[in-house]
$ cat coords.pdb   # PDB, C-alpha atoms and all ligand atoms
ATOM      1  CA  MET A   1       0.000   0.000   0.000
ATOM      2  CA  GLU A   2       1.390   3.400  -0.947
ATOM      3  CA  VAL A   3       0.166   6.306   1.164
ATOM      4  CA  VAL A   4       0.701   9.717  -0.441
ATOM      5  CA  PRO A   5       0.313  12.611   2.012
ATOM      6  CA  LEU A   6      -0.775  15.729   0.114
ATOM      7  CA  THR A   7      -1.784  19.244   1.133
ATOM      8  CA  ASP A   8      -5.475  19.649   0.441
ATOM      9  CA  ALA A   9      -8.457  18.252  -1.431
ATOM     10  CA  ASP A  10      -7.553  20.111  -4.634
ATOM     11  CA  GLU A  11      -4.079  18.580  -4.760
ATOM     12  CA  VAL A  12      -5.598  15.164  -4.041
ATOM     13  CA  GLY A  13      -8.007  15.765  -6.936
ATOM     14  CA  ARG A  14      -5.202  16.689  -9.328
ATOM     15  CA  ILE A  15      -3.090  13.626  -8.511
ATOM     16  CA  ALA A  16      -6.116  11.313  -8.658
ATOM     17  CA  ALA A  17      -7.018  12.792 -12.064
ATOM     18  CA  ASP A  18      -3.428  12.111 -13.225
ATOM     19  CA  VAL A  19      -3.810   8.459 -12.213
ATOM     20  CA  VAL A  20      -7.108   8.054 -14.075
ATOM     21  CA  GLU A  21      -5.779   9.775 -17.191
ATOM     22  CA  THR A  22      -2.653   7.624 -17.213
ATOM     23  CA  VAL A  23      -4.821   4.496 -17.243
ATOM     24  CA  VAL A  24      -7.023   5.809 -20.077
ATOM     25  CA  ARG A  25      -4.008   6.919 -22.148
ATOM     26  CA  ARG A  26      -2.530   3.449 -21.776
ATOM     27  CA  ARG A  27      -5.767   1.703 -22.692
ATOM     28  CA  ALA A  28      -8.462   3.578 -24.663
ATOM     29  CA  ASP A  29     -11.183   1.117 -23.614
ATOM     30  CA  ALA A  30     -10.157   1.116 -19.960
ATOM     31  CA  VAL A  31     -12.663   0.070 -17.325
ATOM     32  CA  LEU A  32     -13.011   2.738 -14.632
ATOM     33  CA  GLY A  33     -14.547   1.970 -11.249
ATOM     34  CA  LEU A  34     -16.362   5.048  -9.945
ATOM     35  CA  ALA A  35     -17.349   6.157  -6.455
ATOM     36  CA  THR A  36     -19.891   8.777  -5.463
ATOM     37  CA  GLY A  37     -20.033  11.000  -2.376
ATOM     38  CA  SER A  38     -18.212  14.282  -1.803
ATOM     39  CA  THR A  39     -14.630  13.021  -1.771
ATOM     40  CA  PRO A  40     -14.200  12.290  -5.510
ATOM     41  CA  LEU A  41     -15.791  15.570  -6.638
ATOM     42  CA  PRO A  42     -12.525  17.577  -6.942
ATOM     43  CA  THR A  43     -11.110  14.658  -8.983
ATOM     44  CA  TYR A  44     -14.156  14.591 -11.256
ATOM     45  CA  ARG A  45     -14.094  18.380 -11.662
ATOM     46  CA  GLU A  46     -10.411  18.225 -12.611
ATOM     47  CA  LEU A  47     -10.975  15.444 -15.155
ATOM     48  CA  VAL A  48     -13.841  17.429 -16.714
ATOM     49  CA  ARG A  49     -11.816  20.666 -16.705
ATOM     50  CA  ARG A  50      -8.924  18.992 -18.550
ATOM     51  CA  HIS A  51     -11.295  17.266 -20.974
ATOM     52  CA  ARG A  52     -12.996  20.572 -21.830
ATOM     53  CA  ALA A  53      -9.595  22.208 -22.267
ATOM     54  CA  SER A  54      -8.737  19.381 -24.713
ATOM     55  CA  VAL A  55      -5.705  18.356 -22.692
ATOM     56  CA  GLY A  56      -7.250  15.122 -21.392
ATOM     57  CA  PRO A  57      -7.507  11.782 -23.212
ATOM     58  CA  SER A  58     -10.559  10.660 -25.191
ATOM     59  CA  TYR A  59     -13.102   8.812 -23.071
ATOM     60  CA  ALA A  60     -15.224   7.676 -26.019
ATOM     61  CA  ARG A  61     -14.327   3.984 -25.563
ATOM     62  CA  VAL A  62     -14.027   3.945 -21.785
ATOM     63  CA  ARG A  63     -16.435   1.794 -19.776
ATOM     64  CA  CYS A  64     -17.461   2.611 -16.210
ATOM     65  CA  PHE A  65     -18.791   0.582 -13.298
ATOM     66  CA  ASN A  66     -20.265   2.298 -10.256
ATOM     67  CA  LEU A  67     -19.484   0.958  -6.810
ATOM     68  CA  ASP A  68     -22.965   1.027  -5.422
ATOM     69  CA  GLU A  69     -26.566   2.226  -5.680
ATOM     70  CA  TYR A  70     -29.435   3.128  -3.379
ATOM     71  CA  VAL A  71     -32.414   0.808  -3.300
ATOM     72  CA  GLY A  72     -35.895   2.313  -3.085
ATOM     73  CA  LEU A  73     -35.452   5.603  -4.941
ATOM     74  CA  PRO A  74     -37.673   6.216  -7.980
ATOM     75  CA  ALA A  75     -35.827   5.596 -11.286
ATOM     76  CA  GLY A  76     -33.943   8.730 -12.362
ATOM     77  CA  HIS A  77     -33.955  10.238  -8.823
ATOM     78  CA  PRO A  78     -31.245  12.951  -8.777
ATOM     79  CA  GLN A  79     -29.549  11.346  -5.743
ATOM     80  CA  SER A  80     -29.423   7.898  -7.317
ATOM     81  CA  TYR A  81     -25.799   7.046  -7.935
ATOM     82  CA  ARG A  82     -26.478   6.438 -11.617
ATOM     83  CA  ALA A  83     -27.801  10.014 -11.981
ATOM     84  CA  THR A  84     -25.048  11.444  -9.786
ATOM     85  CA  ILE A  85     -22.207   9.878 -11.764
ATOM     86  CA  ALA A  86     -23.748  11.008 -15.062
ATOM     87  CA  ARG A  87     -24.167  14.564 -13.768
ATOM     88  CA  GLU A  88     -20.804  14.887 -12.016
ATOM     89  CA  LEU A  89     -18.593  13.085 -14.502
ATOM     90  CA  THR A  90     -19.510  10.806 -17.337
ATOM     91  CA  ASP A  91     -21.870  13.084 -19.335
ATOM     92  CA  ASP A  92     -19.242  15.815 -19.310
ATOM     93  CA  LEU A  93     -16.509  13.400 -20.390
ATOM     94  CA  GLY A  94     -18.647  12.299 -23.340
ATOM     95  CA  ILE A  95     -19.091   8.729 -22.068
ATOM     96  CA  ALA A  96     -22.328   7.319 -23.494
ATOM     97  CA  PRO A  97     -24.884   6.274 -20.830
ATOM     98  CA  ASP A  98     -24.861   2.667 -22.056
ATOM     99  CA  ARG A  99     -21.151   2.455 -21.205
ATOM    100  CA  VAL A 100     -21.815   3.368 -17.559
ATOM    101  CA  HIS A 101     -23.000   0.475 -15.419
ATOM    102  CA  GLY A 102     -24.338   0.260 -11.897
ATOM    103  CA  PRO A 103     -26.021  -2.345  -9.735
ATOM    104  CA  ASP A 104     -29.681  -2.515 -10.823
ATOM    105  CA  PRO A 105     -32.027  -1.528  -7.961
ATOM    106  CA  ALA A 106     -35.286  -2.393  -9.798
ATOM    107  CA  PRO A 107     -37.525  -3.921  -7.070
ATOM    108  CA  ASP A 108     -38.438  -7.083  -8.976
ATOM    109  CA  GLY A 109     -34.820  -8.121  -9.651
ATOM    110  CA  LEU A 110     -33.127  -7.505  -6.316
ATOM    111  CA  ALA A 111     -32.586 -11.173  -5.494
ATOM    112  CA  ASP A 112     -30.186 -11.689  -8.400
ATOM    113  CA  ALA A 113     -29.031  -8.087  -8.973
ATOM    114  CA  GLY A 114     -25.723  -8.819  -7.263
ATOM    115  CA  ALA A 115     -24.957 -11.892  -9.350
ATOM    116  CA  ARG A 116     -25.881 -10.025 -12.555
ATOM    117  CA  TYR A 117     -23.537  -7.185 -11.647
ATOM    118  CA  GLU A 118     -20.695  -9.577 -10.871
ATOM    119  CA  ALA A 119     -21.241 -11.205 -14.279
ATOM    120  CA  ALA A 120     -21.192  -7.797 -16.016
ATOM    121  CA  LEU A 121     -17.940  -6.879 -14.291
ATOM    122  CA  GLU A 122     -16.407 -10.171 -15.297
ATOM    123  CA  SER A 123     -17.473  -9.925 -18.926
ATOM    124  CA  ALA A 124     -15.952  -6.415 -19.104
ATOM    125  CA  GLY A 125     -12.647  -7.979 -18.057
ATOM    126  CA  GLY A 126     -12.559  -6.392 -14.592
ATOM    127  CA  VAL A 127     -11.808  -2.885 -13.407
ATOM    128  CA  ASP A 128      -8.489  -1.231 -14.316
ATOM    129  CA  VAL A 129      -8.615   1.462 -11.657
ATOM    130  CA  GLN A 130     -11.176   1.704  -8.883
ATOM    131  CA  LEU A 131     -11.755   5.024  -7.129
ATOM    132  CA  LEU A 132     -12.750   4.661  -3.495
ATOM    133  CA  GLY A 133     -13.771   6.911  -0.638
ATOM    134  CA  ILE A 134     -13.918   5.844   2.996
ATOM    135  CA  GLY A 135     -16.836   6.251   5.384
ATOM    136  CA  SER A 136     -16.330   7.855   8.774
ATOM    137  CA  ASP A 137     -17.067   4.370  10.215
ATOM    138  CA  GLY A 138     -14.479   2.726   7.938
ATOM    139  CA  HIS A 139     -16.950   1.513   5.324
ATOM    140  CA  LEU A 140     -15.784   0.871   1.800
ATOM    141  CA  ALA A 141     -18.399   1.258  -0.912
ATOM    142  CA  PHE A 142     -21.413   0.418   1.282
ATOM    143  CA  ASN A 143     -19.766  -2.455   3.086
ATOM    144  CA  GLU A 144     -20.483  -1.411   6.627
ATOM    145  CA  PRO A 145     -18.526  -2.698   9.665
ATOM    146  CA  GLY A 146     -19.094  -6.430   9.996
ATOM    147  CA  SER A 147     -19.221  -7.048   6.232
ATOM    148  CA  SER A 148     -17.490 -10.201   5.083
ATOM    149  CA  LEU A 149     -14.003  -9.471   3.789
ATOM    150  CA  GLY A 150     -14.737 -11.799   0.853
ATOM    151  CA  SER A 151     -18.218 -10.459   0.056
ATOM    152  CA  LEU A 152     -19.558  -9.957  -3.478
ATOM    153  CA  THR A 153     -22.186  -7.522  -4.806
ATOM    154  CA  ARG A 154     -25.387  -7.792  -2.758
ATOM    155  CA  ILE A 155     -28.033  -5.828  -0.908
ATOM    156  CA  LYS A 156     -27.000  -4.253   2.393
ATOM    157  CA  THR A 157     -28.594  -2.148   5.130
ATOM    158  CA  LEU A 158     -26.945   1.193   5.902
ATOM    159  CA  THR A 159     -25.984   2.063   9.475
ATOM    160  CA  GLU A 160     -27.616   5.059  11.133
ATOM    161  CA  GLN A 161     -24.235   6.829  11.047
ATOM    162  CA  THR A 162     -23.956   6.473   7.267
ATOM    163  CA  ARG A 163     -27.568   7.542   6.779
ATOM    164  CA  ARG A 164     -26.885  10.624   8.921
ATOM    165  CA  ASP A 165     -23.643  11.319   6.977
ATOM    166  CA  ASN A 166     -25.584  11.123   3.689
ATOM    167  CA  ALA A 167     -28.652  13.078   4.844
ATOM    168  CA  ARG A 168     -26.976  16.240   3.481
ATOM    169  CA  PHE A 169     -27.814  15.022  -0.038
ATOM    170  CA  PHE A 170     -31.505  14.529   0.814
ATOM    171  CA  GLY A 171     -34.240  16.711   2.325
ATOM    172  CA  SER A 172     -34.092  14.922   5.680
ATOM    173  CA  LEU A 173     -32.743  11.794   7.365
ATOM    174  CA  ASP A 174     -36.083  10.076   6.723
ATOM    175  CA  ASP A 175     -35.555  10.467   2.968
ATOM    176  CA  VAL A 176     -32.231   8.571   2.990
ATOM    177  CA  PRO A 177     -32.837   5.002   1.813
ATOM    178  CA  ARG A 178     -32.094   2.193   4.268
ATOM    179  CA  HIS A 179     -30.943  -0.277   1.646
ATOM    180  CA  VAL A 180     -28.286  -0.274  -1.033
ATOM    181  CA  LEU A 181     -26.747  -2.590  -3.567
ATOM    182  CA  THR A 182     -23.004  -2.519  -3.200
ATOM    183  CA  GLN A 183     -19.968  -4.213  -4.634
ATOM    184  CA  GLY A 184     -18.579  -6.491  -1.962
ATOM    185  CA  LEU A 185     -15.111  -6.235  -0.469
ATOM    186  CA  GLY A 186     -14.142  -9.312  -2.478
ATOM    187  CA  THR A 187     -15.436  -7.621  -5.634
ATOM    188  CA  ILE A 188     -13.397  -4.490  -4.955
ATOM    189  CA  LEU A 189     -10.247  -6.526  -4.350
ATOM    190  CA  ARG A 190     -10.481  -7.880  -7.923
ATOM    191  CA  ALA A 191      -9.836  -4.454  -9.459
ATOM    192  CA  ARG A 192      -6.266  -4.143 -10.738
ATOM    193  CA  HIS A 193      -5.501  -0.828  -9.021
ATOM    194  CA  LEU A 194      -7.323   0.633  -6.031
ATOM    195  CA  LEU A 195      -7.183   4.400  -5.551
ATOM    196  CA  LEU A 196      -8.478   5.417  -2.134
ATOM    197  CA  ILE A 197      -8.926   9.116  -1.555
ATOM    198  CA  ALA A 198      -9.541  10.609   1.870
ATOM    199  CA  THR A 199      -9.887  14.280   2.705
ATOM    200  CA  GLY A 200     -10.930  16.211   5.806
ATOM    201  CA  ALA A 201     -10.478  15.637   9.537
ATOM    202  CA  GLY A 202     -13.684  13.594   9.694
ATOM    203  CA  LYS A 203     -11.876  10.748   7.926
ATOM    204  CA  ALA A 204      -8.670  10.791  10.012
ATOM    205  CA  GLU A 205      -9.650   8.105  12.496
ATOM    206  CA  ALA A 206     -11.159   5.703   9.960
ATOM    207  CA  LEU A 207      -8.206   6.148   7.624
ATOM    208  CA  ALA A 208      -5.655   5.397  10.354
ATOM    209  CA  ALA A 209      -7.583   2.254  11.310
ATOM    210  CA  ALA A 210      -7.760   1.159   7.661
ATOM    211  CA  VAL A 211      -4.103   1.766   6.843
ATOM    212  CA  GLU A 212      -2.278   1.092  10.108
ATOM    213  CA  GLY A 213      -4.734  -0.966  12.147
ATOM    214  CA  PRO A 214      -5.395  -4.702  12.036
ATOM    215  CA  VAL A 215      -7.254  -6.180   9.064
ATOM    216  CA  SER A 216     -10.726  -6.654  10.431
ATOM    217  CA  ALA A 217     -14.341  -6.703   9.319
ATOM    218  CA  SER A 218     -14.855  -4.054  12.012
ATOM    219  CA  CYS A 219     -13.014  -1.667   9.687
ATOM    220  CA  PRO A 220     -13.983  -2.849   6.185
ATOM    221  CA  ALA A 221     -11.483  -0.528   4.460
ATOM    222  CA  SER A 222      -8.639  -2.375   6.214
ATOM    223  CA  VAL A 223      -9.164  -5.170   3.654
ATOM    224  CA  LEU A 224      -7.160  -2.973   1.255
ATOM    225  CA  GLN A 225      -4.055  -4.172   3.076
ATOM    226  CA  HIS A 226      -4.510  -7.467   1.194
ATOM    227  CA  HIS A 227      -4.397  -5.915  -2.290
ATOM    228  CA  PRO A 228      -1.102  -5.788  -4.213
ATOM    229  CA  HIS A 229      -1.638  -2.323  -5.742
ATOM    230  CA  VAL A 230      -3.297   0.279  -3.539
ATOM    231  CA  THR A 231      -2.630   4.010  -3.645
ATOM    232  CA  VAL A 232      -4.011   6.149  -0.824
ATOM    233  CA  LEU A 233      -4.166   9.873  -1.551
ATOM    234  CA  VAL A 234      -4.732  11.803   1.637
ATOM    235  CA  ASP A 235      -4.810  15.490   2.544
ATOM    236  CA  GLU A 236      -3.235  16.941   5.706
ATOM    237  CA  ALA A 237      -6.444  16.845   7.727
ATOM    238  CA  ALA A 238      -7.257  13.234   6.921
ATOM    239  CA  ALA A 239      -3.635  12.199   7.569
ATOM    240  CA  GLY A 240      -3.823  13.651  11.094
ATOM    241  CA  ARG A 241      -3.941  10.273  12.877
ATOM    242  CA  LEU A 242      -1.407   8.379  10.740
ATOM    243  CA  GLU A 243       1.555   7.343  12.896
ATOM    244  CA  ARG A 244       3.872   6.797   9.921
ATOM    245  CA  ARG A 245       2.888  10.009   8.109
ATOM    246  CA  ASP A 246       6.464  11.378   7.988
ATOM    247  CA  HIS A 247       7.738   8.123   6.536
ATOM    248  CA  TYR A 248       5.056   8.108   3.815
ATOM    249  CA  ARG A 249       6.181  11.620   2.867
ATOM    250  CA  GLU A 250       9.848  10.520   2.714
ATOM    251  CA  VAL A 251       8.942   7.579   0.503
ATOM    252  CA  TYR A 252       6.878   9.746  -1.844
ATOM    253  CA  ASP A 253       9.573  12.445  -2.066
ATOM    254  CA  ALA A 254      12.219   9.819  -2.883
ATOM    255  CA  LYS A 255      10.059   7.974  -5.405
ATOM    256  CA  PRO A 256      11.770   7.368  -8.759
ATOM    257  CA  ALA A 257       9.956   9.275 -11.532
ATOM    258  CA  TRP A 258       9.682   6.173 -13.735
ATOM    259  CA  GLN A 259       7.665   4.341 -11.110
ATOM    260  CA  GLY A 260       4.428   6.346 -11.247
ATOM    261  CA  LEU A 261       1.542   5.566  -8.920
TER     262      LEU A 261
HETATM  263  C1  LIG B 301     -19.824   6.013  -2.537
HETATM  264  C2  LIG B 301     -19.339   5.062  -1.563
HETATM  265  C3  LIG B 301     -19.070   5.427  -0.149
HETATM  266  C4  LIG B 301     -18.361   6.761   0.012
HETATM  267  C5  LIG B 301     -18.154   7.070   1.484
HETATM  268  C6  LIG B 301     -17.526   8.417   1.699
HETATM  269  O1  LIG B 301     -19.976   5.406  -3.801
HETATM  270  O2  LIG B 301     -19.186   3.942  -1.918
HETATM  271  O3  LIG B 301     -18.271   4.430   0.429
HETATM  272  O4  LIG B 301     -17.136   6.725  -0.651
HETATM  273  O5  LIG B 301     -19.390   7.027   2.135
HETATM  274  O6  LIG B 301     -18.436   9.405   1.295
HETATM  275  P1  LIG B 301     -17.990  10.912   1.167
HETATM  276  O7  LIG B 301     -16.994  10.976   0.070
HETATM  277  O8  LIG B 301     -19.231  11.660   0.815
HETATM  278  O9  LIG B 301     -17.428  11.299   2.487
END

$ encode --input "coords.pdb" --output "structure tokens"
Amino acid sequence: MEVVPLTDADEVGRIAADVVETVVRRRADAVLGLATGSTPLPTYRELVRRHRASVGPSYARVRCFNLDEYVGLPAGHPQSYRATIARELTDDLGIAPDRVHGPDPAPDGLADAGARYEAALESAGGVDVQLLGIGSDGHLAFNEPGSSLGSLTRIKTLTEQTRRDNARFFGSLDDVPRHVLTQGLGTILRARHLLLIATGAGKAEALAAAVEGPVSASCPASVLQHHPHVTVLVDEAAAGRLERRDHYREVYDAKPAWQGL
């Protein structure tokens, strides 16, 4: 795991955008794994800015897979993750809607929605780079504490803490769905490169547990310690509880240019 301590959310966004662009330049039909929430927004804004300025790669052949989706929202709801990703990123990058996939929350297909999503991921050849945020309780995608470290895409119930954290996107806490479809921790581990981004003091404790604590279902993001290629981009506030922060900085400063992230 490579932890990269950076200054602020904008710098995190720029470096994360560099990583995504490098993957797409290397492979025009790359498979991008996308996260929602507030953390990836500076990254998405930077990718869109560069694309509009014609300095980014073409995304015409890229395929995208969302990490998760609310269950119980009407189709096309603005806070559905499908609508959010289209609005914040893929429409502006010129990625056709049929190239952007998400778990299907239609009520009559929930029992096999997870298996269908796993099959779609497999037939796309897997994810080249997966963007990830971390919940203040250590959740990864919507794998809440206690989730199996080997889990696959399935329906889950959100904790009260996550519903409260996400109430800012809805009119009130009561409007936040209780259920979600989410890639499992085992699903996420299959992606070839995991890019975790964490910004703000509210993530400091969960991030330290994920990166420096024991691997445990009590902190689902700690499962990243098992993956061979994880990059953690973290701003000063979110790095506040990392014991080895100075060492991560030394490693990053001494990194050979050819190595990349
Ligand atoms: C979103 C997701 C969640 C968020 C996490 C952090 O697709 O899977 O795990 O990454 O809840 O959310 P923010 O970035 O809003 O703090």

$ resolve_selection --input "coords.pdb" --expression "the PyMOL selection byres (((not hetatm)) within 10 of (chain B and resi 301))" --output "compact mmCIF listing (two decimals) with C-alpha atoms, in the coordinates of the input"
# COMPACT_ATOMS: atom_id res chain seq x y z
CA GLY A 33 -14.55 1.97 -11.25
CA LEU A 34 -16.36 5.05 -9.94
CA ALA A 35 -17.35 6.16 -6.46
CA THR A 36 -19.89 8.78 -5.46
CA GLY A 37 -20.03 11.00 -2.38
CA SER A 38 -18.21 14.28 -1.80
CA THR A 39 -14.63 13.02 -1.77
CA PRO A 40 -14.20 12.29 -5.51
CA LEU A 41 -15.79 15.57 -6.64
CA ASN A 66 -20.26 2.30 -10.26
CA LEU A 67 -19.48 0.96 -6.81
CA ASP A 68 -22.96 1.03 -5.42
CA GLU A 69 -26.57 2.23 -5.68
CA TYR A 70 -29.44 3.13 -3.38
CA TYR A 81 -25.80 7.05 -7.94
CA THR A 84 -25.05 11.44 -9.79
CA ILE A 85 -22.21 9.88 -11.76
CA LEU A 131 -11.76 5.02 -7.13
CA LEU A 132 -12.75 4.66 -3.50
CA GLY A 133 -13.77 6.91 -0.64
CA ILE A 134 -13.92 5.84 3.00
CA GLY A 135 -16.84 6.25 5.38
CA SER A 136 -16.33 7.86 8.77
CA ASP A 137 -17.07 4.37 10.22
CA GLY A 138 -14.48 2.73 7.94
CA HIS A 139 -16.95 1.51 5.32
CA LEU A 140 -15.78 0.87 1.80
CA ALA A 141 -18.40 1.26 -0.91
CA PHE A 142 -21.41 0.42 1.28
CA ASN A 143 -19.77 -2.46 3.09
CA GLU A 144 -20.48 -1.41 6.63
CA THR A 162 -23.96 6.47 7.27
CA ARG A 163 -27.57 7.54 6.78
CA ASP A 165 -23.64 11.32 6.98
CA ASN A 166 -25.58 11.12 3.69
CA ARG A 168 -26.98 16.24 3.48
CA PHE A 169 -27.81 15.02 -0.04
CA THR A 182 -23.00 -2.52 -3.20
CA GLN A 183 -19.97 -4.21 -4.63
CA LEU A 196 -8.48 5.42 -2.13
CA ILE A 197 -8.93 9.12 -1.56
CA ALA A 198 -9.54 10.61 1.87
CA THR A 199 -9.89 14.28 2.70
CA GLY A 200 -10.93 16.21 5.81
CA GLY A 202 -13.68 13.59 9.69
CA LYS A 203 -11.88 10.75 7.93
CA ALA A 221 -11.48 -0.53 4.46

$ resolve_selection --input "coords.pdb" --expression "the PyMOL selection byres (((chain A and resi 22) around 12) and not hetatm)" --output "MDAnalysis selection string"
chainID A and resid 15:21 23:28 30 32 47 56:58 128:129 260:261

$ atom_distance --input "coords.pdb" --atom1 "atom CA of A:Ser123" --atom2 "atom CA of A:Ser148"
24.0 Å

$ closest_atom_pairs --input "coords.pdb" --of "stretch 132-206 of chain A" --to "stretch 94-103 of chain A" --cutoff "10 Å" --atoms "all atoms listed in the file" --output "Markdown table"
| residue | atom | partner | partner_atom | distance |
| --- | --- | --- | --- | --- |
| A:Thr153 | CA | A:Pro103 | CA | 8.1 |
| A:Arg154 | CA | A:Pro103 | CA | 8.9 |
| A:Ile155 | CA | A:Pro103 | CA | 9.7 |
| A:Val180 | CA | A:Pro103 | CA | 9.2 |
| A:Leu181 | CA | A:Pro103 | CA | 6.2 |
| A:Thr182 | CA | A:Pro103 | CA | 7.2 |
| A:Gln183 | CA | A:Pro103 | CA | 8.1 |

$ write_last_selection --input "coords.pdb" --atoms "C-alpha atoms" --output "PDB file, in the frame of the given file"
ATOM      1  CA  THR A 153     -22.186  -7.522  -4.806  1.00  0.00           C
ATOM      2  CA  ARG A 154     -25.387  -7.792  -2.758  1.00  0.00           C
ATOM      3  CA  ILE A 155     -28.033  -5.828  -0.908  1.00  0.00           C
ATOM      4  CA  VAL A 180     -28.286  -0.274  -1.033  1.00  0.00           C
ATOM      5  CA  LEU A 181     -26.747  -2.590  -3.567  1.00  0.00           C
ATOM      6  CA  THR A 182     -23.004  -2.519  -3.200  1.00  0.00           C
ATOM      7  CA  GLN A 183     -19.968  -4.213  -4.634  1.00  0.00           C
TER       8      GLN A 183
END

$ resolve_selection --input "coords.pdb" --expression "the PyMOL selection byres (((chain A and resi 4) around 7) and not hetatm)" --output "ChimeraX atom specification"
/A:2-3,5-6,232-234,248-249,252

$ residues_around --input "coords.pdb" --residues "A:Ala208" --least-positions-apart "5" --cutoff "9 Å" --atoms "all atoms listed in the file" --output "NGL selection string"
:A and (203 or 213 or 238-243)

$ closest_residue --input "coords.pdb" --among "A:His229, A:Arg192, A:Val71, A:Glu118" --to "A:Lys156" --atoms "all atoms listed in the file"
A:Val71

$ closest_residue --input "coords.pdb" --among "A:Ala201, A:Gly126, A:His193, A:Pro228" --to "A:Ala9" --atoms "all atoms listed in the file"
A:Ala201

$ atom_distance --input "coords.pdb" --atom1 "atom CA of A:Thr90" --atom2 "atom CA of A:Arg63"
9.8 Å

$ atom_distance --input "coords.pdb" --atom1 "atom CA of A:Leu121" --atom2 "atom CA of A:Leu189"
12.6 Å

$ residues_around --input "coords.pdb" --residues "A:Met1" --least-positions-apart "6" --cutoff "9 Å" --atoms "only C-alpha atoms" --output "ChimeraX atom specification"
/A:211,224-232
